[in-house]
$ cat target.pdb   # PDB, C-alpha atoms and all ligand atoms
ATOM      1  CA  MET D   1      72.491  81.820 153.336  1.00  0.00           C
ATOM      2  CA  ARG D   2      69.159  82.408 155.130  1.00  0.00           C
ATOM      3  CA  GLN D   3      69.399  86.171 154.986  1.00  0.00           C
ATOM      4  CA  PRO D   4      69.725  86.484 151.173  1.00  0.00           C
ATOM      5  CA  SER D   5      66.951  83.997 150.524  1.00  0.00           C
ATOM      6  CA  ARG D   6      64.642  85.857 152.882  1.00  0.00           C
ATOM      7  CA  ARG D   7      65.535  89.077 151.140  1.00  0.00           C
ATOM      8  CA  ALA D   8      64.863  87.470 147.771  1.00  0.00           C
ATOM      9  CA  PHE D   9      61.494  86.342 149.053  1.00  0.00           C
ATOM     10  CA  ILE D  10      60.639  89.838 150.277  1.00  0.00           C
ATOM     11  CA  ALA D  11      61.734  91.316 146.957  1.00  0.00           C
ATOM     12  CA  SER D  12      59.594  88.918 144.937  1.00  0.00           C
ATOM     13  CA  ALA D  13      56.647  89.485 147.265  1.00  0.00           C
ATOM     14  CA  ALA D  14      57.056  93.228 146.778  1.00  0.00           C
ATOM     15  CA  GLY D  15      57.252  92.680 143.019  1.00  0.00           C
ATOM     16  CA  ALA D  16      54.038  90.668 143.089  1.00  0.00           C
ATOM     17  CA  LEU D  17      52.333  93.361 145.127  1.00  0.00           C
ATOM     18  CA  GLY D  18      53.566  95.997 142.708  1.00  0.00           C
ATOM     19  CA  ALA D  19      52.190  94.021 139.778  1.00  0.00           C
ATOM     20  CA  ALA D  20      48.884  93.540 141.583  1.00  0.00           C
ATOM     21  CA  ALA D  21      48.683  97.254 142.276  1.00  0.00           C
ATOM     22  CA  LEU D  22      49.436  98.016 138.638  1.00  0.00           C
ATOM     23  CA  TRP D  23      46.678  95.732 137.408  1.00  0.00           C
ATOM     24  CA  ALA D  24      44.257  97.072 139.977  1.00  0.00           C
ATOM     25  CA  PHE D  25      45.050 100.530 138.641  1.00  0.00           C
ATOM     26  CA  ARG D  26      44.379  99.446 135.066  1.00  0.00           C
ATOM     27  CA  LEU D  27      41.261  97.420 135.605  1.00  0.00           C
ATOM     28  CA  PRO D  28      38.548 100.102 135.389  1.00  0.00           C
ATOM     29  CA  VAL D  29      38.492 100.224 131.598  1.00  0.00           C
ATOM     30  CA  SER D  30      35.296 102.251 131.615  1.00  0.00           C
ATOM     31  CA  VAL D  31      37.101 105.006 133.530  1.00  0.00           C
ATOM     32  CA  VAL D  32      39.866 105.061 130.913  1.00  0.00           C
ATOM     33  CA  LYS D  33      37.309 105.316 128.116  1.00  0.00           C
ATOM     34  CA  ALA D  34      35.373 108.024 129.933  1.00  0.00           C
ATOM     35  CA  SER D  35      38.477 110.191 130.205  1.00  0.00           C
ATOM     36  CA  GLY D  36      38.773 110.551 126.435  1.00  0.00           C
ATOM     37  CA  ASN D  37      41.481 109.236 124.183  1.00  0.00           C
ATOM     38  CA  SER D  38      43.787 107.726 126.798  1.00  0.00           C
ATOM     39  CA  GLY D  39      42.566 104.250 125.837  1.00  0.00           C
ATOM     40  CA  SER D  40      43.920 104.715 122.310  1.00  0.00           C
ATOM     41  CA  VAL D  41      47.392 104.926 120.890  1.00  0.00           C
ATOM     42  CA  THR D  42      48.655 106.150 117.546  1.00  0.00           C
ATOM     43  CA  ILE D  43      51.265 103.942 115.933  1.00  0.00           C
ATOM     44  CA  VAL D  44      52.752 103.428 112.490  1.00  0.00           C
ATOM     45  CA  GLN D  45      51.565 100.207 110.864  1.00  0.00           C
ATOM     46  CA  PHE D  46      53.894  98.095 108.745  1.00  0.00           C
ATOM     47  CA  SER D  47      53.031  95.567 106.059  1.00  0.00           C
ATOM     48  CA  ALA D  48      54.099  91.946 106.103  1.00  0.00           C
ATOM     49  CA  LEU D  49      56.993  93.014 103.894  1.00  0.00           C
ATOM     50  CA  GLY D  50      58.091  95.615 106.410  1.00  0.00           C
ATOM     51  CA  LYS D  51      56.879  98.674 104.503  1.00  0.00           C
ATOM     52  CA  PRO D  52      55.250 101.530 106.437  1.00  0.00           C
ATOM     53  CA  ILE D  53      51.519 101.735 105.713  1.00  0.00           C
ATOM     54  CA  GLY D  54      50.733 104.832 107.720  1.00  0.00           C
ATOM     55  CA  LYS D  55      49.666 106.064 111.123  1.00  0.00           C
ATOM     56  CA  VAL D  56      46.646 104.486 112.730  1.00  0.00           C
ATOM     57  CA  THR D  57      44.920 105.028 116.047  1.00  0.00           C
ATOM     58  CA  VAL D  58      44.109 101.743 117.731  1.00  0.00           C
ATOM     59  CA  PRO D  59      42.814 100.760 121.163  1.00  0.00           C
ATOM     60  CA  ARG D  60      45.577 100.149 123.654  1.00  0.00           C
ATOM     61  CA  VAL D  61      45.944  96.399 124.245  1.00  0.00           C
ATOM     62  CA  VAL D  62      45.115  95.686 127.887  1.00  0.00           C
ATOM     63  CA  LYS D  63      44.708  92.142 129.196  1.00  0.00           C
ATOM     64  CA  PRO D  64      44.589  90.586 132.655  1.00  0.00           C
ATOM     65  CA  ASP D  65      47.910  89.207 133.814  1.00  0.00           C
ATOM     66  CA  ALA D  66      46.543  85.631 133.738  1.00  0.00           C
ATOM     67  CA  GLU D  67      45.717  86.013 130.058  1.00  0.00           C
ATOM     68  CA  TRP D  68      49.236  87.170 129.198  1.00  0.00           C
ATOM     69  CA  LYS D  69      50.615  84.241 131.174  1.00  0.00           C
ATOM     70  CA  GLN D  70      48.521  81.851 129.102  1.00  0.00           C
ATOM     71  CA  GLN D  71      49.429  83.496 125.790  1.00  0.00           C
ATOM     72  CA  LEU D  72      53.199  83.752 126.284  1.00  0.00           C
ATOM     73  CA  SER D  73      56.063  81.356 126.942  1.00  0.00           C
ATOM     74  CA  PRO D  74      57.393  81.575 130.518  1.00  0.00           C
ATOM     75  CA  VAL D  75      60.444  83.630 129.500  1.00  0.00           C
ATOM     76  CA  SER D  76      58.440  85.979 127.266  1.00  0.00           C
ATOM     77  CA  TYR D  77      55.894  86.456 130.040  1.00  0.00           C
ATOM     78  CA  GLN D  78      58.575  87.313 132.603  1.00  0.00           C
ATOM     79  CA  VAL D  79      60.397  89.688 130.254  1.00  0.00           C
ATOM     80  CA  ALA D  80      57.477  91.430 128.570  1.00  0.00           C
ATOM     81  CA  ARG D  81      54.926  91.604 131.375  1.00  0.00           C
ATOM     82  CA  HIS D  82      57.222  91.781 134.410  1.00  0.00           C
ATOM     83  CA  ALA D  83      60.228  93.709 133.099  1.00  0.00           C
ATOM     84  CA  GLY D  84      62.525  90.697 133.287  1.00  0.00           C
ATOM     85  CA  THR D  85      65.769  90.292 131.373  1.00  0.00           C
ATOM     86  CA  GLU D  86      66.641  87.121 129.481  1.00  0.00           C
ATOM     87  CA  ARG D  87      70.143  85.756 130.014  1.00  0.00           C
ATOM     88  CA  ALA D  88      72.608  87.070 127.443  1.00  0.00           C
ATOM     89  CA  TYR D  89      73.235  84.793 124.444  1.00  0.00           C
ATOM     90  CA  THR D  90      70.126  82.696 125.228  1.00  0.00           C
ATOM     91  CA  GLY D  91      67.569  84.414 122.995  1.00  0.00           C
ATOM     92  CA  ASN D  92      66.832  83.367 119.428  1.00  0.00           C
ATOM     93  CA  THR D  93      67.620  86.646 117.649  1.00  0.00           C
ATOM     94  CA  TRP D  94      70.782  88.177 119.173  1.00  0.00           C
ATOM     95  CA  ASN D  95      72.763  86.521 116.361  1.00  0.00           C
ATOM     96  CA  ASN D  96      70.053  86.717 113.684  1.00  0.00           C
ATOM     97  CA  HIS D  97      71.274  88.270 110.426  1.00  0.00           C
ATOM     98  CA  GLU D  98      68.222  87.711 108.258  1.00  0.00           C
ATOM     99  CA  ARG D  99      66.274  90.598 106.766  1.00  0.00           C
ATOM    100  CA  GLY D 100      62.975  91.301 108.413  1.00  0.00           C
ATOM    101  CA  ILE D 101      61.151  93.135 111.125  1.00  0.00           C
ATOM    102  CA  TYR D 102      60.850  92.519 114.826  1.00  0.00           C
ATOM    103  CA  ARG D 103      57.320  92.696 116.201  1.00  0.00           C
ATOM    104  CA  CYS D 104      56.012  92.743 119.755  1.00  0.00           C
ATOM    105  CA  ILE D 105      55.586  89.194 121.106  1.00  0.00           C
ATOM    106  CA  CYS D 106      52.415  90.355 122.875  1.00  0.00           C
ATOM    107  CA  CYS D 107      50.521  92.452 120.321  1.00  0.00           C
ATOM    108  CA  ASP D 108      52.368  92.290 116.932  1.00  0.00           C
ATOM    109  CA  ASN D 109      53.205  95.999 116.922  1.00  0.00           C
ATOM    110  CA  ALA D 110      56.226  96.579 114.638  1.00  0.00           C
ATOM    111  CA  LEU D 111      59.240  97.580 116.740  1.00  0.00           C
ATOM    112  CA  PHE D 112      62.569  97.243 114.923  1.00  0.00           C
ATOM    113  CA  SER D 113      63.961  96.504 111.470  1.00  0.00           C
ATOM    114  CA  SER D 114      66.959  94.367 110.578  1.00  0.00           C
ATOM    115  CA  ASP D 115      68.191  97.484 108.700  1.00  0.00           C
ATOM    116  CA  THR D 116      69.197  99.079 112.026  1.00  0.00           C
ATOM    117  CA  LYS D 117      70.467  95.946 113.810  1.00  0.00           C
ATOM    118  CA  PHE D 118      74.140  95.867 114.683  1.00  0.00           C
ATOM    119  CA  GLU D 119      76.707  93.684 116.443  1.00  0.00           C
ATOM    120  CA  SER D 120      76.821  94.953 119.995  1.00  0.00           C
ATOM    121  CA  GLY D 121      78.684  91.965 121.421  1.00  0.00           C
ATOM    122  CA  THR D 122      76.256  91.881 124.350  1.00  0.00           C
ATOM    123  CA  GLY D 123      74.295  88.716 123.551  1.00  0.00           C
ATOM    124  CA  TRP D 124      71.081  90.710 123.161  1.00  0.00           C
ATOM    125  CA  PRO D 125      69.598  91.892 119.844  1.00  0.00           C
ATOM    126  CA  SER D 126      70.689  95.520 119.462  1.00  0.00           C
ATOM    127  CA  PHE D 127      69.453  98.281 117.198  1.00  0.00           C
ATOM    128  CA  TRP D 128      70.366 101.925 116.704  1.00  0.00           C
ATOM    129  CA  GLN D 129      66.776 103.080 116.182  1.00  0.00           C
ATOM    130  CA  PRO D 130      63.181 101.814 116.477  1.00  0.00           C
ATOM    131  CA  ILE D 131      61.238 101.188 113.264  1.00  0.00           C
ATOM    132  CA  ALA D 132      59.051 104.188 114.184  1.00  0.00           C
ATOM    133  CA  LYS D 133      59.421 106.414 117.223  1.00  0.00           C
ATOM    134  CA  GLU D 134      55.615 106.349 117.605  1.00  0.00           C
ATOM    135  CA  ASN D 135      55.679 102.593 118.226  1.00  0.00           C
ATOM    136  CA  VAL D 136      57.694 102.603 121.444  1.00  0.00           C
ATOM    137  CA  ILE D 137      57.654 104.402 124.780  1.00  0.00           C
ATOM    138  CA  GLU D 138      60.851 105.449 126.510  1.00  0.00           C
ATOM    139  CA  ALA D 139      60.682 106.043 130.235  1.00  0.00           C
ATOM    140  CA  GLY D 140      63.077 106.545 133.133  1.00  0.00           C
ATOM    141  CA  ASP D 141      63.872 103.378 135.068  1.00  0.00           C
ATOM    142  CA  GLU D 142      65.621 103.685 138.444  1.00  0.00           C
ATOM    143  CA  SER D 143      65.346  99.976 139.366  1.00  0.00           C
ATOM    144  CA  LEU D 144      68.299  97.810 140.497  1.00  0.00           C
ATOM    145  CA  GLY D 145      70.186 100.892 141.672  1.00  0.00           C
ATOM    146  CA  MET D 146      70.810 102.085 138.100  1.00  0.00           C
ATOM    147  CA  SER D 147      69.530 105.035 136.155  1.00  0.00           C
ATOM    148  CA  ARG D 148      68.404 103.692 132.798  1.00  0.00           C
ATOM    149  CA  THR D 149      65.854 104.374 130.084  1.00  0.00           C
ATOM    150  CA  GLU D 150      63.340 101.588 129.663  1.00  0.00           C
ATOM    151  CA  VAL D 151      61.818 100.863 126.236  1.00  0.00           C
ATOM    152  CA  ARG D 152      58.240  99.607 126.076  1.00  0.00           C
ATOM    153  CA  CYS D 153      55.723  98.768 123.357  1.00  0.00           C
ATOM    154  CA  ARG D 154      53.380 101.703 122.761  1.00  0.00           C
ATOM    155  CA  GLU D 155      50.435  99.460 121.929  1.00  0.00           C
ATOM    156  CA  CYS D 156      50.448  97.014 124.855  1.00  0.00           C
ATOM    157  CA  ASP D 157      53.022  98.412 127.290  1.00  0.00           C
ATOM    158  CA  ALA D 158      55.245  95.315 127.070  1.00  0.00           C
ATOM    159  CA  HIS D 159      58.733  95.752 128.489  1.00  0.00           C
ATOM    160  CA  LEU D 160      61.227  95.337 125.637  1.00  0.00           C
ATOM    161  CA  GLY D 161      64.606  96.361 127.049  1.00  0.00           C
ATOM    162  CA  HIS D 162      66.624  99.548 127.592  1.00  0.00           C
ATOM    163  CA  VAL D 163      68.236 102.205 125.438  1.00  0.00           C
ATOM    164  CA  PHE D 164      71.791 103.433 126.065  1.00  0.00           C
ATOM    165  CA  ASP D 165      73.786 106.259 124.490  1.00  0.00           C
ATOM    166  CA  ASP D 166      76.837 104.175 123.511  1.00  0.00           C
ATOM    167  CA  GLY D 167      75.521 102.960 120.151  1.00  0.00           C
ATOM    168  CA  PRO D 168      76.911 103.393 116.637  1.00  0.00           C
ATOM    169  CA  ARG D 169      76.220 106.093 114.071  1.00  0.00           C
ATOM    170  CA  PRO D 170      74.013 107.663 112.914  1.00  0.00           C
ATOM    171  CA  THR D 171      72.079 107.941 116.193  1.00  0.00           C
ATOM    172  CA  GLY D 172      74.693 106.933 118.755  1.00  0.00           C
ATOM    173  CA  LEU D 173      71.972 104.928 120.491  1.00  0.00           C
ATOM    174  CA  ARG D 174      71.945 101.277 121.489  1.00  0.00           C
ATOM    175  CA  TYR D 175      68.506  99.758 121.906  1.00  0.00           C
ATOM    176  CA  CYS D 176      69.366  96.683 123.934  1.00  0.00           C
ATOM    177  CA  MET D 177      66.354  94.420 123.516  1.00  0.00           C
ATOM    178  CA  ASN D 178      65.255  91.016 124.748  1.00  0.00           C
ATOM    179  CA  SER D 179      64.714  88.369 122.056  1.00  0.00           C
ATOM    180  CA  ALA D 180      61.886  86.986 124.184  1.00  0.00           C
ATOM    181  CA  ALA D 181      59.913  90.222 123.937  1.00  0.00           C
ATOM    182  CA  MET D 182      59.844  90.136 120.138  1.00  0.00           C
ATOM    183  CA  LYS D 183      58.994  87.879 117.222  1.00  0.00           C
ATOM    184  CA  PHE D 184      61.053  88.060 114.076  1.00  0.00           C
ATOM    185  CA  VAL D 185      59.209  88.163 110.745  1.00  0.00           C
ATOM    186  CA  LYS D 186      61.300  87.556 107.638  1.00  0.00           C
ATOM    187  CA  THR D 187      60.756  89.991 104.771  1.00  0.00           C
ATOM    188  CA  ALA D 188      63.250  88.661 102.235  1.00  0.00           C
TER
HETATM  189 ZN    ZN X   1      53.042  95.191 122.225  1.00  0.00          ZN
END
$ encode --input "target.pdb" --output "structure tokens"
Amino acid sequence: MRQPSRRAFIASAAGALGAAALWAFRLPVSVVKASGNSGSVTIVQFSALGKPIGKVTVPRVVKPDAEWKQQLSPVSYQVARHAGTERAYTGNTWNNHERGIYRCICCDNALFSSDTKFESGTGWPSFWQPIAKENVIEAGDESLGMSRTEVRCRECDAHLGHVFDDGPRPTGLRYCMNSAAMKFVKTA
């Protein structure tokens, strides 16, 4: 049993180093500002009732890791800031059937609507489309020996989950999200 635990230690050390490198890369805010608009993002804002208000350009939300850790619950911090995955059937919204919108746990950016939520049987809240394509980022993820597409919040870069192409109509997509990365806001 010593070999796996040592490997686990090395993996977590590498993860910590990777996170440190990422933050080091992000720290010079003045450099980001100097290079033009890269410090801003354009998203679609939604009202408290879940209605689209329009596109707005807002500063990208960037905080030190320690600040995120203080702001978030341990599971939300691991999922959203360190690309973790909550255990299936443990989140608070996989079986939620109320009408409302799902916002980013980190920055409140609107991400998904109950209108596109469906029963995936996975134990994770699943949607066939984001509330606005502008509000998320989709990027290749080759971690854990799999080729997947990661979904992140456009405004604060939080990890939300992955998108797969085995979803229902009309898009055929399955946005497999983590409850811990989102907060549900009832609209009806
Ligand atoms: Zn966010």
$ residues_around --input "target.pdb" --residues "Glu119 in chain D" --least-positions-apart "5" --cutoff "10 Å" --atoms "all atoms listed in the file" --output "count of residues only"
8
$ resolve_selection --input "target.pdb" --expression "the PyMOL selection byres (((chain D and resi 105) around 7) and not hetatm)" --output "CSV table (one decimal) with C-alpha atoms, in the coordinates of the input"
chain,number,residue,atom,x,y,z
D,103,ARG,CA,57.3,92.7,116.2
D,104,CYS,CA,56.0,92.7,119.8
D,106,CYS,CA,52.4,90.4,122.9
D,107,CYS,CA,50.5,92.5,120.3
D,108,ASP,CA,52.4,92.3,116.9
D,181,ALA,CA,59.9,90.2,123.9
D,182,MET,CA,59.8,90.1,120.1
D,183,LYS,CA,59.0,87.9,117.2
$ closest_residue --input "target.pdb" --among "D:Met177, D:Val185, D:Val163, D:Ala80" --to "ligand ZN 1 (chain X)" --atoms "all atoms listed in the file"
D:Ala80
$ residues_near_ligand --input "target.pdb" --ligand "ligand ZN 1 (chain X)" --cutoff "12 Å" --atoms "only C-alpha atoms and all ligand atoms" --output "count of residues only"
38
$ axis_aligned_box --input "target.pdb" --around "range 148-158 of chain D" --padding-each-side "5 Å" --output "AutoDock Vina command-line options"
--center_x 59.4 --center_y 99.8 --center_z 127.4 --size_x 28.0 --size_y 19.1 --size_z 20.9
$ closest_residue --input "target.pdb" --among "D:Cys176, D:Lys51, D:Glu138, D:Val44" --to "Ile101 in chain D" --atoms "only C-alpha atoms"
D:Lys51
$ atom_distance --input "target.pdb" --atom1 "CA of Ala139 in chain D" --atom2 "CA of Tyr77 in chain D"
20.2 Å
$ atom_distance --input "target.pdb" --atom1 "CA of Thr90 in chain D" --atom2 "CA of Phe184 in chain D"
15.3 Å
$ atom_distance --input "target.pdb" --atom1 "CA of Leu144 in chain D" --atom2 "CA of Ala180 in chain D"
20.6 Å
$ residues_around --input "target.pdb" --residues "Glu98 in chain D" --least-positions-apart "6" --cutoff "8 Å" --atoms "all atoms listed in the file" --output "list in words"
Ser114, Lys186 and Ala188 of chain D
$ resolve_selection --input "target.pdb" --expression "the PyMOL selection byres (((chain D and resi 130) around 7) and not hetatm)" --output "compact mmCIF listing (two decimals) with C-alpha atoms, in the coordinates of the input"
# COMPACT_ATOMS: atom_id res chain seq x y z
CA LEU D 111 59.24 97.58 116.74
CA PHE D 112 62.57 97.24 114.92
CA GLN D 129 66.78 103.08 116.18
CA ILE D 131 61.24 101.19 113.26
CA ALA D 132 59.05 104.19 114.18
CA LYS D 133 59.42 106.41 117.22
